[in-house]
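Coordinates as given in my_file_4.txt (compact mmCIF, C-alpha atoms and all ligand atoms):
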```txt
# COMPACT_ATOMS: atom_id res chain seq x y z
CA MET A 99 122.23 106.26 -150.71
CA ASN A 100 124.61 103.89 -152.45
CA GLN A 101 122.33 103.35 -155.43
CA LYS A 102 123.13 104.54 -158.92
CA PRO A 103 122.34 108.23 -159.29
CA ILE A 104 119.37 109.23 -161.46
CA ARG A 105 121.78 110.88 -163.87
CA SER A 106 125.12 109.49 -164.97
CA SER A 107 126.27 112.98 -166.00
CA TYR A 108 125.98 116.15 -163.94
CA ILE A 109 123.42 118.78 -164.95
CA PRO A 110 124.05 122.35 -163.72
CA TYR A 111 121.23 124.73 -162.65
CA GLY A 112 121.95 126.94 -165.64
CA ARG A 113 124.36 127.29 -168.54
CA GLN A 114 124.81 128.86 -171.96
CA TRP A 115 123.85 127.56 -175.39
CA ILE A 116 126.59 128.20 -177.97
CA ASP A 117 126.27 126.91 -181.54
CA ASP A 118 128.30 127.11 -184.77
CA ASP A 119 126.65 130.39 -185.79
CA ASP A 120 127.88 131.99 -182.57
CA ILE A 121 131.40 130.68 -183.16
CA LYS A 122 131.38 131.95 -186.76
CA ALA A 123 130.18 135.37 -185.63
CA VAL A 124 133.03 135.66 -183.13
CA THR A 125 135.77 134.39 -185.44
CA ALA A 126 134.64 136.81 -188.17
CA VAL A 127 135.25 139.72 -185.80
CA LEU A 128 138.66 138.32 -184.85
CA LYS A 129 139.64 138.41 -188.55
CA GLY A 130 138.29 141.94 -189.02
CA ASP A 131 139.42 145.48 -188.26
CA TYR A 132 137.90 146.13 -184.85
CA LEU A 133 138.22 144.07 -181.74
CA THR A 134 136.51 146.65 -179.59
CA THR A 135 134.00 149.45 -180.34
CA GLY A 136 133.38 148.39 -183.92
CA PRO A 137 130.17 147.98 -185.93
CA PHE A 138 128.71 145.19 -183.77
CA ILE A 139 128.32 147.40 -180.72
CA SER A 140 125.63 149.57 -182.28
CA ARG A 141 124.07 146.62 -184.12
CA PHE A 142 123.66 144.73 -180.87
CA GLU A 143 122.39 147.84 -179.08
CA LYS A 144 119.86 148.59 -181.82
CA ALA A 145 118.63 144.99 -181.85
CA VAL A 146 117.93 145.02 -178.11
CA ALA A 147 116.43 148.55 -178.15
CA ASN A 148 114.06 147.60 -181.00
CA TYR A 149 113.10 144.35 -179.34
CA VAL A 150 112.15 145.93 -176.02
CA GLY A 151 110.68 149.03 -177.64
CA ALA A 152 113.09 151.59 -176.20
CA LYS A 153 114.56 154.55 -178.08
CA PHE A 154 118.13 154.01 -176.86
CA ALA A 155 120.40 151.25 -175.60
CA VAL A 156 123.94 151.50 -174.26
CA SER A 157 126.05 148.35 -173.88
CA PHE A 158 128.45 147.84 -170.98
CA ALA A 159 131.21 145.41 -170.03
CA ASN A 160 128.74 143.63 -167.72
CA GLY A 161 125.36 144.15 -166.11
CA THR A 162 126.87 145.46 -162.89
CA ALA A 163 128.77 148.19 -164.78
CA ALA A 164 125.50 149.01 -166.55
CA LEU A 165 123.75 149.42 -163.18
CA HIS A 166 126.63 151.63 -162.01
CA GLY A 167 126.18 153.77 -165.14
CA ALA A 168 122.43 154.01 -164.52
CA CYS A 169 123.02 155.18 -160.92
CA PHE A 170 125.47 157.79 -162.22
CA ALA A 171 123.03 159.00 -164.90
CA ALA A 172 120.27 159.16 -162.28
CA GLY A 173 122.52 161.44 -160.24
CA VAL A 174 122.81 159.10 -157.27
CA SER A 175 125.50 160.47 -154.95
CA GLU A 176 126.47 160.78 -151.29
CA GLY A 177 123.50 161.32 -149.02
CA ASP A 178 121.03 159.72 -151.45
CA GLU A 179 119.05 156.62 -150.57
CA VAL A 180 118.03 154.07 -153.17
CA ILE A 181 115.43 151.41 -152.39
CA THR A 182 115.92 147.91 -153.78
CA SER A 183 114.78 144.38 -153.02
CA ALA A 184 116.42 142.31 -150.28
CA MET A 185 115.95 139.21 -152.46
CA THR A 186 118.49 139.87 -155.21
CA PHE A 187 122.10 139.58 -156.25
CA ALA A 188 124.58 141.92 -154.54
CA ALA A 189 125.03 143.99 -157.74
CA SER A 190 121.54 145.54 -157.42
CA ALA A 191 122.74 147.32 -154.26
CA ASN A 192 126.50 147.56 -154.89
CA CYS A 193 125.85 149.98 -157.76
CA VAL A 194 124.40 152.44 -155.24
CA LEU A 195 127.48 152.12 -152.99
CA TYR A 196 129.78 152.75 -155.99
CA GLN A 197 128.16 156.18 -156.30
CA GLY A 198 128.46 156.90 -152.58
CA GLY A 199 124.73 156.40 -152.02
CA THR A 200 122.97 154.27 -149.42
CA PRO A 201 121.04 151.14 -150.43
CA VAL A 202 117.81 150.66 -148.50
CA PHE A 203 116.35 147.16 -148.58
CA ALA A 204 112.62 146.59 -148.88
CA ASP A 205 110.99 143.27 -148.05
CA ILE A 206 109.28 141.03 -150.60
CA ASP A 207 105.76 140.07 -151.55
CA GLU A 208 105.13 136.58 -150.25
CA LYS A 209 103.53 135.34 -153.47
CA THR A 210 105.86 136.62 -156.20
CA TYR A 211 109.02 137.11 -154.09
CA ASN A 212 109.36 140.49 -155.83
CA ILE A 213 109.81 143.76 -153.95
CA ASP A 214 106.59 144.69 -152.11
CA SER A 215 105.25 148.13 -153.08
CA GLU A 216 103.88 148.70 -149.58
CA GLU A 217 107.34 148.05 -148.16
CA ILE A 218 108.80 150.57 -150.63
CA LYS A 219 106.36 153.22 -149.39
CA LYS A 220 107.37 152.62 -145.76
CA ARG A 221 111.02 153.25 -146.60
CA ILE A 222 110.71 156.49 -148.55
CA THR A 223 112.36 159.49 -146.87
CA SER A 224 113.37 162.98 -148.00
CA LYS A 225 116.70 161.42 -149.07
CA THR A 226 115.21 158.79 -151.38
CA LYS A 227 116.45 159.33 -154.93
CA ALA A 228 115.58 156.17 -156.84
CA ILE A 229 114.02 152.71 -156.75
CA ILE A 230 115.71 149.64 -158.24
CA PRO A 231 113.03 146.95 -158.56
CA VAL A 232 114.33 143.51 -159.53
CA HIS A 233 112.27 141.19 -161.73
CA PHE A 234 113.07 138.11 -159.66
CA THR A 235 113.31 134.89 -161.74
CA GLY A 236 112.02 136.83 -164.79
CA GLN A 237 108.62 137.66 -163.33
CA PRO A 238 107.99 141.42 -163.60
CA ALA A 239 107.69 143.37 -160.36
CA ASP A 240 104.56 145.40 -159.59
CA MET A 241 105.52 148.13 -162.11
CA GLU A 242 102.21 149.99 -162.14
CA GLU A 243 102.37 150.63 -158.40
CA ILE A 244 106.13 151.29 -158.44
CA THR A 245 105.75 153.81 -161.28
CA ALA A 246 102.98 155.56 -159.33
CA ILE A 247 105.08 155.71 -156.14
CA ALA A 248 108.02 157.10 -158.13
CA LYS A 249 105.83 159.75 -159.73
CA ASN A 250 104.36 160.82 -156.38
CA HIS A 251 107.77 161.20 -154.77
CA ASN A 252 109.74 162.34 -157.81
CA LEU A 253 111.97 159.27 -157.85
CA ILE A 254 113.90 157.69 -160.70
CA VAL A 255 113.20 154.03 -161.50
CA ILE A 256 116.01 151.76 -162.66
CA GLU A 257 114.75 148.25 -163.35
CA ASP A 258 117.16 145.39 -162.68
CA ALA A 259 115.97 143.15 -165.51
CA ALA A 260 118.98 140.83 -165.45
CA HIS A 261 116.44 137.96 -165.27
CA ALA A 262 113.76 139.45 -167.46
CA LEU A 263 114.82 139.91 -171.09
CA GLY A 264 111.66 139.11 -173.06
CA ALA A 265 109.27 139.46 -170.13
CA THR A 266 106.19 141.68 -170.39
CA TYR A 267 104.15 143.66 -167.87
CA LYS A 268 100.52 144.43 -168.82
CA GLY A 269 101.46 143.86 -172.44
CA ASN A 270 104.51 146.17 -172.37
CA MET A 271 107.98 144.80 -172.87
CA ILE A 272 110.31 145.07 -169.89
CA GLY A 273 112.90 147.61 -171.03
CA SER A 274 110.36 150.12 -172.34
CA ILE A 275 108.66 151.12 -169.09
CA SER A 276 110.93 152.96 -166.66
CA ASP A 277 113.61 155.66 -166.78
CA MET A 278 116.29 153.02 -167.31
CA THR A 279 116.35 149.21 -167.45
CA MET A 280 119.39 146.96 -167.08
CA PHE A 281 119.94 143.64 -168.85
CA SER A 282 122.80 141.20 -168.22
CA PHE A 283 124.47 138.87 -170.72
CA HIS A 284 126.26 136.65 -168.24
CA PRO A 285 126.35 133.01 -169.46
CA VAL A 286 123.45 131.87 -167.24
CA LYS A 287 121.14 134.67 -168.43
CA HIS A 288 118.77 134.55 -171.43
CA ILE A 289 121.45 135.39 -173.99
CA THR A 290 125.18 135.75 -173.41
CA SER A 291 128.12 137.77 -174.66
CA GLY A 292 130.50 136.08 -172.19
CA GLU A 293 130.25 139.10 -169.92
CA GLY A 294 128.05 141.99 -170.93
CA GLY A 295 125.23 144.27 -169.98
CA MET A 296 122.97 146.95 -171.41
CA ILE A 297 120.80 149.86 -170.32
CA THR A 298 117.70 150.71 -172.32
CA THR A 299 116.08 154.13 -171.96
CA ASN A 300 113.77 156.53 -173.76
CA ASN A 301 115.55 159.56 -172.29
CA LYS A 302 118.19 161.23 -174.49
CA ASP A 303 119.87 162.91 -171.54
CA TYR A 304 120.39 159.59 -169.73
CA TYR A 305 121.52 158.04 -173.01
CA GLU A 306 124.26 160.62 -173.53
CA LYS A 307 125.43 160.42 -169.93
CA LEU A 308 125.62 156.63 -170.14
CA LEU A 309 127.71 156.76 -173.33
CA GLN A 310 130.17 159.18 -171.79
CA PHE A 311 130.28 157.32 -168.45
CA ARG A 312 131.27 154.04 -170.06
CA SER A 313 134.28 155.73 -171.71
CA HIS A 314 136.13 157.65 -168.94
CA GLY A 315 133.71 160.60 -168.97
CA ILE A 316 135.30 161.61 -172.28
CA THR A 317 133.39 163.19 -175.16
CA ARG A 318 134.34 164.16 -178.71
CA ASP A 319 130.86 165.48 -179.49
CA SER A 320 131.50 169.01 -180.83
CA SER A 321 128.21 170.27 -179.41
CA LYS A 322 129.44 169.35 -175.92
CA LEU A 323 133.03 170.68 -176.06
CA THR A 324 133.90 173.95 -174.33
CA GLU A 325 136.43 174.73 -177.10
CA ASN A 326 137.42 172.98 -180.30
CA PRO A 327 141.04 173.54 -181.32
CA GLY A 328 141.18 170.62 -183.79
CA PRO A 329 140.04 167.18 -184.84
CA TRP A 330 142.24 165.42 -182.25
CA TYR A 331 140.56 167.22 -179.41
CA TYR A 332 138.43 165.57 -176.73
CA GLU A 333 137.38 166.54 -173.25
CA MET A 334 137.07 164.49 -170.10
CA GLN A 335 134.21 166.24 -168.33
CA PHE A 336 133.57 163.93 -165.38
CA LEU A 337 135.11 160.81 -163.88
CA GLY A 338 133.87 157.87 -165.90
CA TYR A 339 135.21 154.35 -166.32
CA ASN A 340 136.36 152.03 -169.08
CA TYR A 341 133.18 149.94 -169.10
CA ARG A 342 133.04 149.20 -172.83
CA LEU A 343 131.90 145.91 -174.33
CA THR A 344 134.23 144.53 -177.03
CA ASP A 345 133.11 144.01 -180.61
CA ILE A 346 133.91 140.31 -180.15
CA GLN A 347 131.35 140.15 -177.35
CA ALA A 348 128.79 142.26 -179.21
CA ALA A 349 128.99 139.91 -182.21
CA LEU A 350 128.36 136.97 -179.90
CA GLY A 351 125.50 138.84 -178.22
CA LEU A 352 123.90 139.68 -181.57
CA SER A 353 124.21 136.10 -182.78
CA GLN A 354 122.63 134.88 -179.52
CA PHE A 355 119.90 137.50 -179.82
CA LYS A 356 118.69 135.82 -183.04
CA LYS A 357 117.88 132.74 -180.94
CA LEU A 358 116.22 134.63 -178.07
CA ASN A 359 112.65 133.66 -178.94
CA THR A 360 113.62 130.00 -179.22
CA PHE A 361 115.40 130.24 -175.87
CA ILE A 362 112.41 131.85 -174.16
CA ASP A 363 109.98 129.33 -175.67
CA LEU A 364 112.06 126.46 -174.31
CA ARG A 365 112.32 128.06 -170.87
CA LYS A 366 108.53 128.47 -170.82
CA LYS A 367 107.96 124.93 -172.00
CA TYR A 368 110.26 123.41 -169.38
CA SER A 369 108.75 125.49 -166.57
CA SER A 370 105.28 124.34 -167.62
CA MET A 371 106.49 120.74 -167.50
CA TYR A 372 107.71 121.37 -163.94
CA ASN A 373 104.48 123.14 -162.94
CA GLU A 374 102.38 120.30 -164.25
CA ALA A 375 104.48 117.54 -162.70
CA PHE A 376 104.61 119.15 -159.26
CA THR A 377 101.00 120.32 -158.83
CA ASN A 378 100.09 117.64 -156.31
CA ILE A 379 103.11 117.80 -154.04
CA PRO A 380 102.00 119.72 -150.93
CA ALA A 381 105.51 119.78 -149.45
CA ILE A 382 106.70 122.22 -152.12
CA THR A 383 105.32 125.60 -153.17
CA LEU A 384 105.57 126.32 -156.89
CA PRO A 385 106.45 129.71 -158.36
CA SER A 386 103.27 131.79 -158.23
CA GLN A 387 102.64 134.02 -161.26
CA ASP A 388 100.91 137.38 -161.04
CA LYS A 389 98.30 138.03 -163.74
CA ASN A 390 99.82 141.39 -164.71
CA GLY A 391 103.17 139.97 -165.77
CA CYS A 392 104.43 137.38 -168.20
CA SER A 393 107.71 135.90 -166.98
CA SER A 394 110.60 135.04 -169.28
CA TRP A 395 111.54 132.30 -166.80
CA HIS A 396 115.19 132.81 -165.95
CA LEU A 397 114.96 130.67 -162.82
CA TYR A 398 112.63 128.00 -161.48
CA VAL A 399 112.56 128.43 -157.70
CA ILE A 400 110.62 126.09 -155.43
CA ARG A 401 109.91 126.70 -151.77
CA LEU A 402 110.17 123.74 -149.43
CA GLN A 403 107.46 123.37 -146.78
CA LEU A 404 110.01 122.25 -144.22
CA ASP A 405 107.34 121.53 -141.57
CA GLN A 406 106.09 118.74 -143.85
CA LEU A 407 109.56 117.32 -144.44
CA THR A 408 111.90 115.29 -142.26
CA ALA A 409 115.02 116.75 -143.88
CA THR A 410 116.62 120.18 -143.79
CA ARG A 411 117.09 122.30 -146.93
CA LYS A 412 120.79 121.40 -146.84
CA GLU A 413 120.01 117.66 -146.74
CA ILE A 414 117.61 118.03 -149.65
CA PHE A 415 120.16 120.10 -151.60
CA ASP A 416 122.77 117.39 -150.99
CA ALA A 417 120.34 114.66 -152.07
CA PHE A 418 120.02 116.35 -155.47
CA GLN A 419 123.83 116.55 -155.72
CA GLN A 420 123.91 112.77 -155.07
CA GLU A 421 121.61 112.32 -158.07
CA ASN A 422 123.99 114.45 -160.18
CA ILE A 423 121.53 117.32 -160.33
CA GLY A 424 122.94 120.77 -159.71
CA LEU A 425 120.85 123.22 -157.73
CA ASN A 426 121.43 126.73 -156.51
CA VAL A 427 119.88 129.07 -153.96
CA HIS A 428 118.71 132.47 -155.23
CA TYR A 429 119.45 134.48 -153.16
CA ILE A 430 121.14 135.09 -149.84
CA PRO A 431 119.42 138.40 -148.95
CA VAL A 432 121.94 141.14 -149.72
CA HIS A 433 121.79 142.76 -146.28
CA LEU A 434 122.93 139.46 -144.70
CA LEU A 435 126.20 139.37 -146.69
CA PRO A 436 129.21 140.02 -144.41
CA TYR A 437 130.14 143.29 -146.14
CA TYR A 438 126.64 144.67 -145.60
CA GLN A 439 126.54 143.34 -142.04
CA ASN A 440 129.77 145.28 -141.41
CA LEU A 441 128.12 148.39 -142.81
CA GLY A 442 125.51 147.99 -140.07
CA TYR A 443 122.55 146.38 -141.84
CA LYS A 444 120.79 144.16 -139.30
CA GLN A 445 119.28 140.74 -139.60
CA GLY A 446 115.50 141.08 -139.20
CA ILE A 447 114.98 144.17 -141.38
CA CYS A 448 113.38 142.07 -144.15
CA PRO A 449 111.90 139.04 -142.36
CA LYS A 450 109.97 137.65 -145.34
CA ALA A 451 113.05 137.61 -147.58
CA GLU A 452 115.11 136.11 -144.76
CA LYS A 453 112.59 133.32 -144.20
CA LEU A 454 112.28 132.65 -147.92
CA TYR A 455 116.05 132.29 -148.21
CA GLU A 456 115.98 129.42 -145.69
CA GLU A 457 113.41 127.46 -147.70
CA ILE A 458 114.21 127.79 -151.40
CA ILE A 459 116.08 125.81 -154.01
CA THR A 460 116.54 126.61 -157.70
CA LEU A 461 116.04 123.70 -160.10
CA PRO A 462 117.93 123.42 -163.42
CA LEU A 463 116.32 125.53 -166.16
CA PHE A 464 118.05 126.51 -169.39
CA PRO A 465 117.27 126.11 -173.10
CA ALA A 466 120.14 123.71 -173.79
CA MET A 467 118.42 121.14 -171.54
CA THR A 468 116.59 118.32 -173.30
CA GLU A 469 113.12 117.10 -172.37
CA ASN A 470 114.81 114.02 -170.96
CA ASP A 471 116.89 116.26 -168.69
CA VAL A 472 113.68 117.90 -167.50
CA ARG A 473 112.17 114.46 -166.84
CA ASP A 474 115.24 113.48 -164.81
CA VAL A 475 114.81 116.56 -162.63
CA ILE A 476 111.09 115.85 -162.19
CA TYR A 477 111.85 112.26 -161.25
CA ALA A 478 114.46 113.41 -158.73
CA VAL A 479 112.12 115.96 -157.13
CA LYS A 480 109.42 113.33 -156.71
CA LYS A 481 111.85 110.74 -155.37
CA ILE A 482 113.58 113.05 -152.90
CA ILE A 483 110.45 114.80 -151.62
CA ASN A 484 108.69 111.45 -151.23
CA LEU A 485 111.63 110.05 -149.32
CA TYR A 486 111.55 112.93 -146.79
CA CYS A 487 107.81 113.57 -146.68
CA LYS A 488 106.21 113.23 -143.22
CA LEU A 489 102.79 112.31 -144.54
C1 LIG A 501 123.32 138.70 -163.13
C2 LIG A 501 122.71 139.75 -162.30
C3 LIG A 501 123.25 141.04 -162.20
C4 LIG A 501 124.60 141.45 -162.69
O1 LIG A 501 124.92 141.13 -163.94
P1 LIG A 501 126.43 140.84 -164.38
O2 LIG A 501 126.32 140.92 -165.86
O3 LIG A 501 126.81 139.49 -163.87
O4 LIG A 501 127.30 141.93 -163.83
C5 LIG A 501 122.53 141.99 -161.48
N1 LIG A 501 121.38 141.70 -160.89
C6 LIG A 501 120.85 140.47 -160.94
C7 LIG A 501 119.54 140.21 -160.25
C8 LIG A 501 121.51 139.45 -161.63
O5 LIG A 501 120.98 138.22 -161.66
```
Give the structure from this file in structure tokens form.
Ligand SMILES: *Cc1c(COP(=O)(O)O)cnc(C)c1O
Amino acid sequence: MNQKPIRSSYIPYGRQWIDDDDIKAVTAVLKGDYLTTGPFISRFEKAVANYVGAKFAVSFANGTAALHGACFAAGVSEGDEVITSAMTFAASANCVLYQGGTPVFADIDEKTYNIDSEEIKKRITSKTKAIIPVHFTGQPADMEEITAIAKNHNLIVIEDAAHALGATYKGNMIGSISDMTMFSFHPVKHITSGEGGMITTNNKDYYEKLLQFRSHGITRDSSKLTENPGPWYYEMQFLGYNYRLTDIQAALGLSQFKKLNTFIDLRKKYSSMYNEAFTNIPAITLPSQDKNGCSSWHLYVIRLQLDQLTATRKEIFDAFQQENIGLNVHYIPVHLLPYYQNLGYKQGICPKAEKLYEEIITLPLFPAMTENDVRDVIYAVKKIINLYCKL
């Protein structure tokens, strides 16, 4: 293709939206008294807790650290198994390894691409300690069934809601449902603090463990000290980490949070434009939405019906690059990553996730896109699929 690309400038699959208010919020902190652990930490935490309807929120340096903290608070340790989805980012499973536990991958539901509750049931053993469902693309997992399974088997549920800030399940906000829920504030996510993450919980015991875990395992809380020789005194009671968010980041996060509803509305609007434009293209399968959930649309993933196309996924991916349209593939199933392969996880343990991985592409979707950007992507999808369609 030597023709002019559809776009003269490159559009990525996702990126942040930063405006003057965000910049002012950050520079104000830089001129103030606290660069880290100042007033914006608790303001940001309270804002998110209130929004999702949870009693407590604890911020972390990033979402992965937050997941690590949640696994610690849940008591995950050597000999414990934790079930998570095969179709996710490595962090959803790495957090279990950090604690010496064993991630167990469950296959996905073919409609929603979320973890399949029946597959969870098959993988429960006497060693199972927790379930980490992932709300893939922002669409809530089957939380009613997962909650019931957890109750039956006395398991802790940690939701990986990195994609799902603002999503609801049967009318309840994600972040209010399970033992703990993790949000990420990486620049491609709904709101950003540069790097950042948070756990929301309604459980005071988890809350206190999370606070102590993110700061070396140290406490100054007089009710928790074994002795109290003076005001300087603190105790390190377990091995924690320095996983704190800075005040600079919390101020950015809080400023972004004020725009969250606008961001989500735009994500929903753009996904509807895609849904509408692509309804009559049999060679692609659109993201199917379960009636129990309301997605906050972090990603727009389409599945290629490769038997109806003359090109491979790689050729189609490259064709979009030629048009200056950035795509991504979410995700390489975690158990196929070389590190996990070396740990002994075998190809074939989650066949549906493995097949899905071969056939998906993620289209650009982020609030800083314009409607014209969305139209460019639609035009490119139609052009490229038409070009390679067998029919
Ligand atoms: C982004 C993401 C994380 C990790 O968040 P970070 O803030 O980047 O550490 C975990 N799980 C999923 C599914 C994610 O998309």
Which neighbours of Ala262 of chain A fall inside 12 Å, counting only C-alpha atoms, when residues of the same chain fewer than 4 positions from it are skipped, and could you give them as an mmCIF file with C-alpha atoms, keeping the file's coordinate frame?
```
data_model
loop_
_atom_site.group_PDB
_atom_site.id
_atom_site.type_symbol
_atom_site.label_atom_id
_atom_site.label_comp_id
_atom_site.auth_asym_id
_atom_site.auth_seq_id
_atom_site.Cartn_x
_atom_site.Cartn_y
_atom_site.Cartn_z
ATOM 1 C CA VAL A 150 112.150 145.930 -176.020
ATOM 2 C CA PRO A 231 113.030 146.950 -158.560
ATOM 3 C CA VAL A 232 114.330 143.510 -159.530
ATOM 4 C CA HIS A 233 112.270 141.190 -161.730
ATOM 5 C CA PHE A 234 113.070 138.110 -159.660
ATOM 6 C CA THR A 235 113.310 134.890 -161.740
ATOM 7 C CA GLY A 236 112.020 136.830 -164.790
ATOM 8 C CA GLN A 237 108.620 137.660 -163.330
ATOM 9 C CA PRO A 238 107.990 141.420 -163.600
ATOM 10 C CA ALA A 239 107.690 143.370 -160.360
ATOM 11 C CA GLU A 257 114.750 148.250 -163.350
ATOM 12 C CA ASP A 258 117.160 145.390 -162.680
ATOM 13 C CA THR A 266 106.190 141.680 -170.390
ATOM 14 C CA TYR A 267 104.150 143.660 -167.870
ATOM 15 C CA MET A 271 107.980 144.800 -172.870
ATOM 16 C CA ILE A 272 110.310 145.070 -169.890
ATOM 17 C CA GLY A 273 112.900 147.610 -171.030
ATOM 18 C CA THR A 279 116.350 149.210 -167.450
ATOM 19 C CA MET A 280 119.390 146.960 -167.080
ATOM 20 C CA PHE A 281 119.940 143.640 -168.850
ATOM 21 C CA SER A 282 122.800 141.200 -168.220
ATOM 22 C CA PHE A 283 124.470 138.870 -170.720
ATOM 23 C CA LYS A 287 121.140 134.670 -168.430
ATOM 24 C CA HIS A 288 118.770 134.550 -171.430
ATOM 25 C CA ILE A 289 121.450 135.390 -173.990
ATOM 26 C CA LEU A 358 116.220 134.630 -178.070
ATOM 27 C CA ILE A 362 112.410 131.850 -174.160
ATOM 28 C CA ARG A 365 112.320 128.060 -170.870
ATOM 29 C CA GLY A 391 103.170 139.970 -165.770
ATOM 30 C CA CYS A 392 104.430 137.380 -168.200
ATOM 31 C CA SER A 393 107.710 135.900 -166.980
ATOM 32 C CA SER A 394 110.600 135.040 -169.280
ATOM 33 C CA TRP A 395 111.540 132.300 -166.800
ATOM 34 C CA HIS A 396 115.190 132.810 -165.950
ATOM 35 C CA LEU A 397 114.960 130.670 -162.820
#
```
Env of Ala164 of chain A: 10 Å cut, atoms = all atoms listed in the file, seq-sep filter 3 positions within chain, self excluded. Answer as a PyMOL selection string. chain A and resi 156-161+167-170+193+258+279-282+294-298+308+311-312+341-342
Let me make sure I understand: among A:Gly292, A:Pro137, A:Pro385, A:Gly442, which one has the smallest atom-to-atom distance to ligand LIG 501 (chain A) if we use all atoms listed in the file?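 Using all atoms listed in the file, ligand LIG 501 (chain A) sits closest to A:Gly292.
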Determine the axis-aligned bounding box of all atoms of segment 298-302 of chain A present in the file, pad each side by 8 Å, and express its centre and edge lengths in Å to one decimal place as AutoDock Vina command-line options.
```
--center_x 116.0 --center_y 156.0 --center_z -173.2 --size_x 20.4 --size_y 26.5 --size_z 18.5
```
As a ChimeraX atom specification, please: the residues near Val255 of chain A (cut-off 8 Å, only C-alpha atoms, same-chain neighbours under 6 positions excluded). /A:228-231,245,248,276-278
Rank nothing, just name the residue among A:Tyr429, A:Trp330, A:Phe203, A:Phe336 nearest to ligand LIG 501 (chain A), using only C-alpha atoms and all ligand atoms.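 Between A:Tyr429, A:Trp330, A:Phe203, A:Phe336, the residue approaching ligand LIG 501 (chain A) most closely is A:Tyr429.
Between ligand LIG 501 (chain A) and the candidates A:Ile139, A:Ala260, A:Ala147, A:Ala451, the tightest atom-to-atom separation, counting only C-alpha atoms and all ligand atoms, involves A:Ala260.
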I'd like the neighbourhood of Val479 of chain A as a list in words, where a residue qualifies if any of its atoms comes within 10 Å (using only C-alpha atoms), though same-chain residues fewer than 2 positions away should be ignored. Tyr372, Ala375, Phe376, Ile379, Ile382, Ile414, Ala417, Phe418, Leu461, Arg473, Asp474, Val475, Ile476, Tyr477, Lys481, Ile482, Ile483, Asn484 and Leu485 of chain A
From the options A:Trp115, A:Tyr443, A:Phe187, A:Tyr304, which residue's atoms come nearest to ligand LIG 501 (chain A), counting only C-alpha atoms and all ligand atoms?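 Residue with the minimum atom-to-atom distance to ligand LIG 501 (chain A): A:Phe187.
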Long-range neighbours of segment 407-413 of chain A as a PyMOL selection string, 7 Å cut-off, all atoms listed in the file, 6 positions minimum in chain: chain A and resi 381+457+486-488
So, with all atoms listed in the file as the atoms that count, which of A:Ala246, A:Ala191, A:Ile346, A:Leu434 lies closest to ligand LIG 501 (chain A)?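 Using all atoms listed in the file, the shortest distance to ligand LIG 501 (chain A) belongs to A:Ala191.
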Using all atoms listed in the file, which residue out of A:Leu463, A:Ile218, A:Ala188, A:Ile256 lies closest to ligand LIG 501 (chain A)? A:Ala188
Please, what distance in Å, to one decimal, runs between atom CA of Leu343 of chain A and atom CA of Asp119 of chain A?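 A separation of 20.0 Å between them.
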Enter the distance from atom C7 of ligand LIG 501 (chain A) to atom CA of Asn390 of chain A, in Å, rounded to one decimal.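 Separation between atom C7 of ligand LIG 501 (chain A) and atom CA of Asn390 of chain A: 20.3 Å.
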Around the point (139.0, 166.2, -174.4) in the file's coordinates, collect all residues with an atom within 7 Å, using only C-alpha atoms, and return them as a count of residues only. 7
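Pairwise distance (atom CA of Tyr437 of chain A, atom CA of Lys225 of chain A) equals 22.8 Å.
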